[in-house]
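Peer 1: Sharing query.txt here; it has compact mmCIF, C-alpha atoms.
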# COMPACT_ATOMS: atom_id res chain seq x y z
CA MET L 98 -27.87 -87.06 -78.18
CA ARG L 99 -26.37 -83.80 -76.88
CA ARG L 100 -28.86 -81.13 -75.87
CA VAL L 101 -28.77 -77.97 -78.01
CA SER L 102 -27.28 -75.14 -75.97
CA LEU L 103 -27.68 -71.39 -76.12
CA ALA L 104 -24.10 -71.20 -77.43
CA ASP L 105 -25.12 -73.47 -80.35
CA VAL L 106 -27.99 -71.13 -81.22
CA ALA L 107 -25.75 -68.06 -81.03
CA LYS L 108 -23.10 -69.67 -83.27
CA ALA L 109 -25.65 -70.78 -85.87
CA ALA L 110 -27.26 -67.33 -85.91
CA GLY L 111 -23.92 -65.55 -86.08
CA VAL L 112 -24.46 -63.48 -82.93
CA ALA L 113 -23.01 -63.24 -79.45
CA LYS L 114 -24.38 -65.56 -76.78
CA ALA L 115 -25.66 -62.56 -74.81
CA THR L 116 -27.57 -61.33 -77.86
CA ALA L 117 -29.15 -64.74 -78.36
CA SER L 118 -30.15 -64.83 -74.70
CA ARG L 119 -31.84 -61.44 -74.94
CA ALA L 120 -33.60 -62.34 -78.18
CA LEU L 121 -35.08 -65.47 -76.63
CA SER L 122 -36.21 -63.69 -73.46
CA ALA L 123 -39.69 -62.12 -73.33
CA GLU L 124 -38.46 -59.32 -71.06
CA GLN L 125 -35.66 -57.93 -73.25
CA HIS L 126 -36.43 -55.49 -76.05
CA ASP L 127 -33.00 -54.13 -77.04
CA VAL L 128 -32.58 -56.59 -79.94
CA GLY L 129 -33.81 -55.50 -83.36
CA ALA L 130 -36.95 -57.16 -84.66
CA ALA L 131 -35.23 -58.76 -87.65
CA THR L 132 -32.36 -60.09 -85.53
CA ARG L 133 -34.75 -61.39 -82.88
CA ALA L 134 -36.86 -63.16 -85.52
CA ARG L 135 -33.76 -64.77 -87.09
CA ILE L 136 -32.47 -66.00 -83.73
CA GLN L 137 -35.87 -67.40 -82.77
CA GLU L 138 -36.12 -69.18 -86.12
CA VAL L 139 -32.66 -70.70 -85.68
CA ALA L 140 -33.55 -71.80 -82.14
CA ALA L 141 -36.73 -73.49 -83.38
CA ASP L 142 -34.88 -75.23 -86.25
CA LEU L 143 -32.23 -76.56 -83.86
CA GLY L 144 -34.82 -77.69 -81.30
CA TYR L 145 -33.41 -75.45 -78.59
CA ARG L 146 -35.08 -75.62 -75.19
CA PRO L 147 -34.13 -73.12 -72.47
CA ASN L 148 -32.49 -74.42 -69.32
CA ARG L 149 -35.34 -73.90 -66.85
CA ALA L 150 -33.14 -74.34 -63.80
CA ALA L 151 -30.76 -71.64 -65.00
CA GLN L 152 -33.66 -69.35 -65.87
CA SER L 153 -35.18 -69.84 -62.43
CA LEU L 154 -31.91 -68.95 -60.71
CA ARG L 155 -31.47 -65.86 -62.88
CA THR L 156 -35.04 -64.51 -62.74
CA GLY L 157 -36.37 -65.89 -59.46
CA ARG L 158 -39.27 -67.44 -61.37
CA ARG L 159 -40.22 -71.12 -61.46
CA GLN L 160 -41.86 -71.03 -64.92
CA LEU L 161 -45.05 -72.43 -63.38
CA LEU L 162 -48.60 -71.09 -63.77
CA GLY L 163 -51.62 -72.20 -61.76
CA ALA L 164 -55.06 -72.64 -63.32
CA VAL L 165 -58.08 -72.74 -61.00
CA VAL L 166 -61.23 -74.27 -62.51
CA PRO L 167 -64.62 -75.21 -61.02
CA THR L 168 -65.69 -78.84 -60.71
CA GLY L 169 -69.14 -79.89 -61.92
CA VAL L 170 -69.20 -77.10 -64.53
CA HIS L 171 -68.66 -77.63 -68.25
CA GLY L 172 -67.26 -75.20 -70.80
CA TRP L 173 -63.85 -74.40 -69.33
CA GLU L 174 -62.07 -77.40 -70.90
CA PRO L 175 -61.29 -75.74 -74.26
CA ILE L 176 -60.17 -72.58 -72.42
CA LEU L 177 -57.73 -74.71 -70.43
CA ARG L 178 -56.58 -76.43 -73.60
CA GLY L 179 -55.74 -73.10 -75.21
CA ALA L 180 -54.05 -71.92 -72.03
CA ALA L 181 -51.89 -75.04 -71.70
CA GLU L 182 -50.70 -74.83 -75.30
CA GLN L 183 -49.83 -71.14 -75.04
CA ALA L 184 -48.10 -71.65 -71.70
CA ARG L 185 -45.88 -74.24 -73.35
CA LYS L 186 -45.05 -71.81 -76.16
CA ARG L 187 -44.16 -69.13 -73.62
CA GLY L 188 -41.88 -71.51 -71.71
CA TYR L 189 -44.19 -72.17 -68.75
CA HIS L 190 -45.96 -75.22 -67.36
CA LEU L 191 -49.58 -75.20 -66.18
CA ILE L 192 -50.68 -76.73 -62.84
CA LEU L 193 -54.38 -77.51 -62.40
CA HIS L 194 -56.22 -76.66 -59.17
CA THR L 195 -59.95 -77.46 -58.85
CA VAL L 196 -62.58 -75.99 -56.52
CA GLY L 197 -66.15 -76.97 -55.74
CA PRO L 198 -69.19 -74.80 -56.48
CA ASP L 199 -69.31 -73.43 -52.92
CA PHE L 200 -65.62 -72.66 -52.58
CA ASP L 201 -64.45 -70.09 -50.07
CA GLY L 202 -62.67 -67.27 -51.90
CA ARG L 203 -60.49 -66.32 -48.95
CA ARG L 204 -59.45 -69.92 -48.36
CA LEU L 205 -58.63 -70.29 -52.06
CA ALA L 206 -56.41 -67.21 -51.91
CA GLU L 207 -54.60 -68.72 -48.93
CA ASP L 208 -54.16 -72.04 -50.76
CA LEU L 209 -52.69 -70.28 -53.79
CA THR L 210 -50.25 -68.43 -51.57
CA GLY L 211 -48.76 -71.77 -50.56
CA LEU L 212 -48.17 -72.91 -54.15
CA THR L 213 -44.79 -72.34 -55.81
CA ILE L 214 -46.24 -70.66 -58.90
CA ASP L 215 -45.44 -67.42 -60.73
CA GLY L 216 -49.05 -66.48 -61.50
CA VAL L 217 -52.57 -67.89 -61.69
CA LEU L 218 -55.51 -68.10 -64.07
CA LEU L 219 -58.93 -68.05 -62.41
CA ILE L 220 -61.22 -69.65 -64.99
CA GLY L 221 -65.02 -69.40 -64.86
CA LEU L 222 -65.34 -69.06 -61.07
CA GLU L 223 -68.11 -66.43 -61.43
CA ARG L 224 -67.23 -64.73 -58.16
CA SER L 225 -64.43 -62.58 -56.83
CA VAL L 226 -61.39 -64.04 -55.10
CA PRO L 227 -59.21 -61.93 -52.77
CA THR L 228 -55.85 -61.12 -54.33
CA PRO L 229 -53.53 -64.08 -53.67
CA SER L 230 -49.94 -63.47 -52.64
CA HIS L 231 -46.52 -64.97 -52.99
CA GLU L 232 -45.04 -66.43 -49.83
CA ASP L 233 -43.06 -63.19 -49.41
CA GLY L 234 -46.32 -61.21 -49.27
CA HIS L 235 -46.11 -59.63 -52.71
CA PRO L 236 -49.28 -59.92 -54.85
CA LEU L 237 -49.42 -63.00 -57.06
CA PRO L 238 -50.18 -61.98 -60.68
CA ALA L 239 -53.66 -63.23 -61.56
CA VAL L 240 -55.92 -63.14 -64.61
CA LEU L 241 -59.64 -63.84 -64.46
CA VAL L 242 -61.19 -65.61 -67.46
CA ASP L 243 -64.82 -64.93 -66.70
CA GLU L 244 -67.84 -63.35 -68.39
CA GLU L 245 -69.76 -62.66 -65.19
CA LEU L 246 -67.23 -60.62 -63.19
CA THR L 247 -67.75 -57.39 -65.09
CA HIS L 248 -66.78 -55.11 -62.20
CA ALA L 249 -64.20 -57.21 -60.39
CA ASP L 250 -60.86 -55.69 -59.51
CA GLY L 251 -57.91 -57.05 -61.43
CA THR L 252 -57.23 -58.24 -64.96
CA ILE L 253 -60.11 -59.86 -66.86
CA VAL L 254 -60.12 -61.70 -70.20
CA ARG L 255 -63.58 -62.41 -71.61
CA THR L 256 -65.80 -62.47 -74.69
CA ALA L 257 -67.02 -59.09 -75.92
CA LEU L 258 -70.63 -59.69 -74.88
CA TRP L 259 -72.31 -56.44 -75.89
CA THR L 260 -70.58 -56.68 -79.26
CA ALA L 261 -71.83 -60.26 -79.68
CA GLY L 262 -75.40 -59.05 -79.20
CA ARG L 263 -74.75 -56.31 -81.72
CA THR L 264 -73.41 -58.82 -84.25
CA ALA L 265 -76.56 -60.94 -83.91
CA ALA L 266 -78.78 -57.91 -84.42
CA ARG L 267 -76.85 -56.70 -87.45
CA ARG L 268 -77.13 -60.13 -89.09
CA LEU L 269 -80.90 -60.22 -88.65
CA LEU L 270 -81.36 -56.60 -89.70
CA ASP L 271 -79.25 -57.17 -92.82
CA GLU L 272 -81.64 -60.00 -93.74
CA GLY L 273 -84.49 -57.49 -93.62
CA ARG L 274 -85.92 -58.74 -90.32
CA THR L 275 -87.77 -55.97 -88.52
CA SER L 276 -89.93 -57.68 -85.87
CA LEU L 277 -87.22 -58.87 -83.49
CA ALA L 278 -87.21 -60.66 -80.13
CA VAL L 279 -84.82 -62.01 -77.51
CA LEU L 280 -84.94 -65.13 -75.33
CA VAL L 281 -82.86 -65.08 -72.13
CA PRO L 282 -82.48 -67.52 -69.20
CA PRO L 283 -84.75 -66.94 -66.17
CA VAL L 284 -81.81 -65.90 -63.99
CA ARG L 285 -80.31 -62.75 -65.43
CA THR L 286 -76.52 -62.71 -65.31
CA ALA L 287 -73.99 -60.12 -66.38
CA SER L 288 -73.37 -62.00 -69.62
CA THR L 289 -77.01 -62.44 -70.65
CA THR L 290 -77.77 -58.83 -69.73
CA ALA L 291 -74.89 -57.55 -71.87
CA LEU L 292 -75.89 -59.77 -74.80
CA ALA L 293 -79.50 -58.57 -74.73
CA GLN L 294 -78.44 -54.95 -74.32
CA GLY L 295 -76.09 -55.06 -77.29
CA PHE L 296 -78.86 -56.60 -79.39
CA ARG L 297 -81.50 -54.09 -78.32
CA ASP L 298 -79.22 -51.06 -78.65
CA THR L 299 -78.36 -52.02 -82.22
CA CYS L 300 -81.97 -52.64 -83.17
CA ALA L 301 -82.99 -49.28 -81.72
CA GLU L 302 -80.22 -47.51 -83.66
CA ALA L 303 -81.59 -49.08 -86.84
CA GLY L 304 -85.11 -47.86 -86.12
CA HIS L 305 -86.51 -51.24 -85.08
CA PRO L 306 -86.51 -51.15 -81.25
CA VAL L 307 -87.21 -54.34 -79.31
CA PRO L 308 -89.89 -53.56 -76.68
CA ASP L 309 -89.78 -55.15 -73.24
CA ALA L 310 -92.65 -57.43 -74.27
CA ARG L 311 -90.38 -58.99 -76.89
CA VAL L 312 -87.70 -59.93 -74.32
CA LEU L 313 -88.71 -63.17 -72.61
CA SER L 314 -87.03 -64.92 -69.68
CA LEU L 315 -87.52 -68.63 -70.23
CA ASP L 316 -86.40 -71.88 -68.67
CA PRO L 317 -86.05 -74.36 -71.57
CA ALA L 318 -86.83 -77.24 -69.20
CA GLU L 319 -90.34 -75.87 -68.58
CA THR L 320 -93.30 -76.39 -70.88
CA VAL L 321 -94.38 -72.95 -72.05
CA ASP L 322 -96.71 -71.95 -74.87
CA LEU L 323 -94.62 -69.57 -76.98
CA ARG L 324 -97.16 -69.02 -79.73
CA SER L 325 -98.31 -65.57 -78.65
CA PHE L 326 -94.71 -64.47 -78.11
CA LEU L 327 -93.38 -65.78 -81.43
CA ARG L 328 -96.35 -65.08 -83.72
CA PRO L 329 -95.29 -61.52 -84.73
CA VAL L 330 -91.55 -62.32 -84.72
CA ASP L 331 -89.41 -62.68 -87.85
CA GLY L 332 -86.00 -62.57 -86.20
CA LEU L 333 -85.01 -64.18 -82.88
CA PHE L 334 -81.84 -64.03 -80.79
CA ALA L 335 -81.49 -66.76 -78.13
CA GLY L 336 -79.07 -66.17 -75.27
CA THR L 337 -78.27 -69.91 -74.96
CA GLY L 338 -78.31 -72.99 -77.17
CA PRO L 339 -81.15 -74.77 -75.33
CA LEU L 340 -83.33 -71.66 -75.69
CA ALA L 341 -82.74 -71.67 -79.44
CA VAL L 342 -83.76 -75.33 -79.68
CA THR L 343 -86.89 -74.65 -77.62
CA ALA L 344 -87.79 -71.84 -80.01
CA LEU L 345 -87.25 -74.06 -83.06
CA ARG L 346 -89.63 -76.67 -81.64
CA ALA L 347 -92.27 -74.03 -80.94
CA LEU L 348 -91.94 -72.57 -84.44
CA ARG L 349 -92.26 -76.05 -85.94
CA ARG L 350 -95.50 -76.60 -84.02
CA MET L 351 -96.73 -73.26 -85.35
CA LYS L 352 -95.95 -74.42 -88.91
CA ALA L 353 -93.52 -71.52 -89.25
CA SER L 354 -90.59 -72.14 -91.57
CA VAL L 355 -87.04 -71.41 -90.43
CA PRO L 356 -85.49 -69.37 -91.97
CA ARG L 357 -88.15 -68.43 -94.53
CA ASP L 358 -90.52 -66.99 -91.92
CA VAL L 359 -88.20 -66.57 -88.94
CA SER L 360 -84.41 -66.40 -88.67
CA VAL L 361 -82.83 -67.69 -85.45
CA ILE L 362 -79.39 -66.97 -83.97
CA ALA L 363 -77.99 -68.37 -80.71
CA TYR L 364 -75.13 -67.38 -78.45
CA GLY L 365 -72.78 -70.31 -77.89
CA ASP L 366 -72.29 -73.50 -79.88
CA GLY L 367 -72.41 -77.25 -79.46
CA ASP L 368 -73.70 -80.52 -80.92
CA LEU L 369 -77.27 -79.61 -79.97
CA LEU L 370 -77.16 -76.63 -82.32
CA ARG L 371 -75.06 -78.17 -85.07
CA HIS L 372 -77.49 -81.10 -85.42
CA ALA L 373 -80.74 -79.17 -84.93
CA GLU L 374 -83.24 -78.96 -87.77
CA PRO L 375 -82.22 -76.65 -89.30
CA PRO L 376 -78.68 -76.24 -87.92
CA VAL L 377 -78.55 -73.03 -85.91
CA THR L 378 -76.49 -69.97 -86.80
CA VAL L 379 -74.42 -69.13 -83.73
CA LEU L 380 -72.03 -66.71 -82.14
CA ARG L 381 -69.24 -69.12 -81.19
CA LEU L 382 -67.23 -68.27 -78.10
CA PRO L 383 -63.47 -68.03 -78.73
CA HIS L 384 -62.72 -70.55 -75.96
CA GLU L 385 -59.19 -71.65 -76.87
CA LEU L 386 -58.22 -68.12 -77.84
CA LEU L 387 -59.48 -66.87 -74.46
CA GLY L 388 -57.17 -69.33 -72.72
CA ALA L 389 -54.20 -68.44 -74.91
CA ARG L 390 -54.74 -64.70 -74.56
CA ALA L 391 -55.11 -65.03 -70.79
CA VAL L 392 -51.75 -66.79 -70.59
CA ASP L 393 -50.12 -64.07 -72.70
CA VAL L 394 -51.48 -61.37 -70.42
CA LEU L 395 -50.43 -63.30 -67.30
CA VAL L 396 -46.90 -64.01 -68.55
CA ASP L 397 -46.48 -60.40 -69.72
CA THR L 398 -47.53 -59.29 -66.23
CA ILE L 399 -45.11 -61.71 -64.56
CA GLU L 400 -42.28 -60.58 -66.83
CA GLN L 401 -43.24 -56.92 -66.30
CA VAL L 402 -43.99 -56.26 -69.95
CA ILE L 403 -47.37 -54.80 -68.97
CA ALA L 404 -48.77 -53.39 -65.74
CA PRO L 405 -52.15 -54.67 -64.49
CA PRO L 406 -55.03 -54.31 -64.29
CA VAL L 407 -56.19 -54.60 -67.89
CA MET L 408 -59.45 -55.62 -69.57
CA VAL L 409 -59.21 -57.80 -72.69
CA GLU L 410 -62.32 -58.61 -74.74
CA LEU L 411 -62.31 -61.03 -77.68
CA ALA L 412 -64.92 -61.14 -80.41
CA ALA L 413 -67.28 -64.10 -80.76
CA GLU L 414 -67.28 -65.68 -84.22
CA LEU L 415 -70.49 -65.58 -86.28
CA VAL L 416 -70.99 -69.06 -87.75
CA VAL L 417 -73.76 -68.99 -90.36
CA ARG L 418 -75.89 -72.12 -90.71
CA GLY L 419 -79.36 -73.00 -91.92
CA SER L 420 -81.44 -71.10 -89.35
CA THR L 421 -80.71 -67.75 -91.03
CA ALA L 422 -81.27 -66.68 -94.62
CA PRO L 423 -78.37 -67.15 -97.07
Once more with this new file: its structure as structure tokens, please.
Peer 2:
Amino acid sequence: MRRVSLADVAKAAGVAKATASRALSAEQHDVGAATRARIQEVAADLGYRPNRAAQSLRTGRRQLLGAVVPTGVHGWEPILRGAAEQARKRGYHLILHTVGPDFDGRRLAEDLTGLTIDGVLLIGLERSVPTPSHEDGHPLPAVLVDEELTHADGTIVRTALWTAGRTAARRLLDEGRTSLAVLVPPVRTASTTALAQGFRDTCAEAGHPVPDARVLSLDPAETVDLRSFLRPVDGLFAGTGPLAVTALRALRRMKASVPRDVSVIAYGDGDLLRHAEPPVTVLRLPHELLGARAVDVLVDTIEQVIAPPVMVELAAELVVRGSTAP
């Protein structure tokens, strides 16, 4: 079966071949919106696929993106899934590159320089990497998908952490909860700090401040008596899923009913929270959307639609379940 050509698309859309080419290129903006939409619709109906070899010769790009992910760490898989799907839609292919937990940032930058890619996603590495370069010495466009690198140079795509804390607080306050508390992991990170701060700022604005004594650093693997901490609490925000489950167990031992006596919200989602008793209301991270948005920002940088650096924050989704009042 003959491959659909650009000339076929132009003929079917009733436009010149040059117009069709511009309409199907992310870098050209001199085609009207209605005409562009019609040409793109015709191309999709015909099953048109751009000639990558011709594009590469014309633009100097290879239509390849790198994605660097850490081994031994979970959570990046849905981000990569969203990134791969969006890369395909934007006409690029994604190449996976893995690094260990103790990777050398400078060595990684050197390795990326040797790859024939147009840009790179650095996903969940939790530490800065020197700016990689093309083989000709020009900077390689890069986007960091990371919630911990709050002050890193370069373009970052992440969840809006402070806003997520605010959303949790607003939900509990709207239920009429006034004695509020926060559980955070024992090692404070940029993400857990921002979550707690957004929660506490919102509570304070509403006239129900959360004192330091009601913010507890806790390792869910340790056996800790939470009765004195939880006894006055009627609304709890847990910075991780395991912390929320630990709190539910403690409340059950105290004969406290969830959500009648205490409402519980967690940051993050998973089977542990969906199948808890009761199922836990969560702020779900927009994993696949993070990957897709990161690809859009990277491709727009490569194609010079935008100029880096930029900061993109996406809202976490509040998923209401049985651990909060209806």
Peer 1: Taking all atoms listed in the file into account, name the residue in L:Arg274, L:Arg381, L:Arg285, L:Arg349 that is nearest to Leu333 in chain L.
Peer 2: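 Checking each of L:Arg274, L:Arg381, L:Arg285, L:Arg349 against Leu333 in chain L, counting all atoms listed in the file, the winner is L:Arg274.
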Peer 1: Let me make sure I understand: among L:Val112, L:Leu161, L:Ile192, L:Leu177, which one has the smallest atom-to-atom distance to His384 in chain L if we use only C-alpha atoms?
Peer 2: L:Leu177
Peer 1: For a test of reading the model, state the distance in Å between CA of Ala335 in chain L and CA of Ala278 in chain L, rounded to one decimal.
Peer 2: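 Atom-to-atom, CA of Ala335 in chain L and CA of Ala278 in chain L are spaced 8.6 Å apart.
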Peer 1: Could you give me, as a PyMOL selection string, the residues within 9 Å of range 258-262 of chain L, counting only C-alpha atoms and dropping anything in the same chain fewer than 5 positions from it?
Peer 2: chain L and resi 244+267+288-299+334+336+364+380+410-415
Peer 1: Would you mind exporting C-alpha atoms of the selected residues as a PDB file, in the frame of the given file?
Peer 2:
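Okay, out10.pdb is ready:
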ATOM      1  CA  GLU L 244     -67.840 -63.350 -68.390  1.00  0.00           C
ATOM      2  CA  ARG L 267     -76.850 -56.700 -87.450  1.00  0.00           C
ATOM      3  CA  SER L 288     -73.370 -62.000 -69.620  1.00  0.00           C
ATOM      4  CA  THR L 289     -77.010 -62.440 -70.650  1.00  0.00           C
ATOM      5  CA  THR L 290     -77.770 -58.830 -69.730  1.00  0.00           C
ATOM      6  CA  ALA L 291     -74.890 -57.550 -71.870  1.00  0.00           C
ATOM      7  CA  LEU L 292     -75.890 -59.770 -74.800  1.00  0.00           C
ATOM      8  CA  ALA L 293     -79.500 -58.570 -74.730  1.00  0.00           C
ATOM      9  CA  GLN L 294     -78.440 -54.950 -74.320  1.00  0.00           C
ATOM     10  CA  GLY L 295     -76.090 -55.060 -77.290  1.00  0.00           C
ATOM     11  CA  PHE L 296     -78.860 -56.600 -79.390  1.00  0.00           C
ATOM     12  CA  ARG L 297     -81.500 -54.090 -78.320  1.00  0.00           C
ATOM     13  CA  ASP L 298     -79.220 -51.060 -78.650  1.00  0.00           C
ATOM     14  CA  THR L 299     -78.360 -52.020 -82.220  1.00  0.00           C
ATOM     15  CA  PHE L 334     -81.840 -64.030 -80.790  1.00  0.00           C
ATOM     16  CA  GLY L 336     -79.070 -66.170 -75.270  1.00  0.00           C
ATOM     17  CA  TYR L 364     -75.130 -67.380 -78.450  1.00  0.00           C
ATOM     18  CA  LEU L 380     -72.030 -66.710 -82.140  1.00  0.00           C
ATOM     19  CA  GLU L 410     -62.320 -58.610 -74.740  1.00  0.00           C
ATOM     20  CA  LEU L 411     -62.310 -61.030 -77.680  1.00  0.00           C
ATOM     21  CA  ALA L 412     -64.920 -61.140 -80.410  1.00  0.00           C
ATOM     22  CA  ALA L 413     -67.280 -64.100 -80.760  1.00  0.00           C
ATOM     23  CA  GLU L 414     -67.280 -65.680 -84.220  1.00  0.00           C
ATOM     24  CA  LEU L 415     -70.490 -65.580 -86.280  1.00  0.00           C
TER      25      LEU L 415
END
Peer 1: Enumerate, as a PyMOL selection string, the protein, DNA and RNA residues whose atoms approach (-88.5, -53.8, -89.4) to within 10 Å, taking into account only C-alpha atoms and the coordinate frame of the file.
Peer 2: chain L and resi 269-270+273-277+300+303-306+331-332
Peer 1: Measuring between all atoms listed in the file, which one of L:Gly111, L:Pro383, L:Gly163, L:Pro198 shows the shortest distance to Glu223 in chain L?
Peer 2: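 The closest residue to Glu223 in chain L is L:Pro198.
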Peer 1: Hey, which of L:Arg350, L:Arg204, L:Arg146, L:His235 ends up closest to Arg100 in chain L? Count all atoms listed in the file.
Peer 2: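 So, comparing all the options, the nearest one is L:Arg146.
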Peer 1: Using only C-alpha atoms, which residues sit within 12 Å of Ala347 in chain L once same-chain residues fewer than 5 positions away are excluded, as a ChimeraX atom specification?
Peer 2: /L:317,320-328,340-342,352-355,359
Peer 1: Of the candidates L:Thr256, L:Gln183, L:Thr210, L:Ser420, which shows the shortest atom-to-atom distance to Leu370 in chain L, using only C-alpha atoms?
Peer 2: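 Ranked by minimum distance to Leu370 in chain L, first place goes to L:Ser420.
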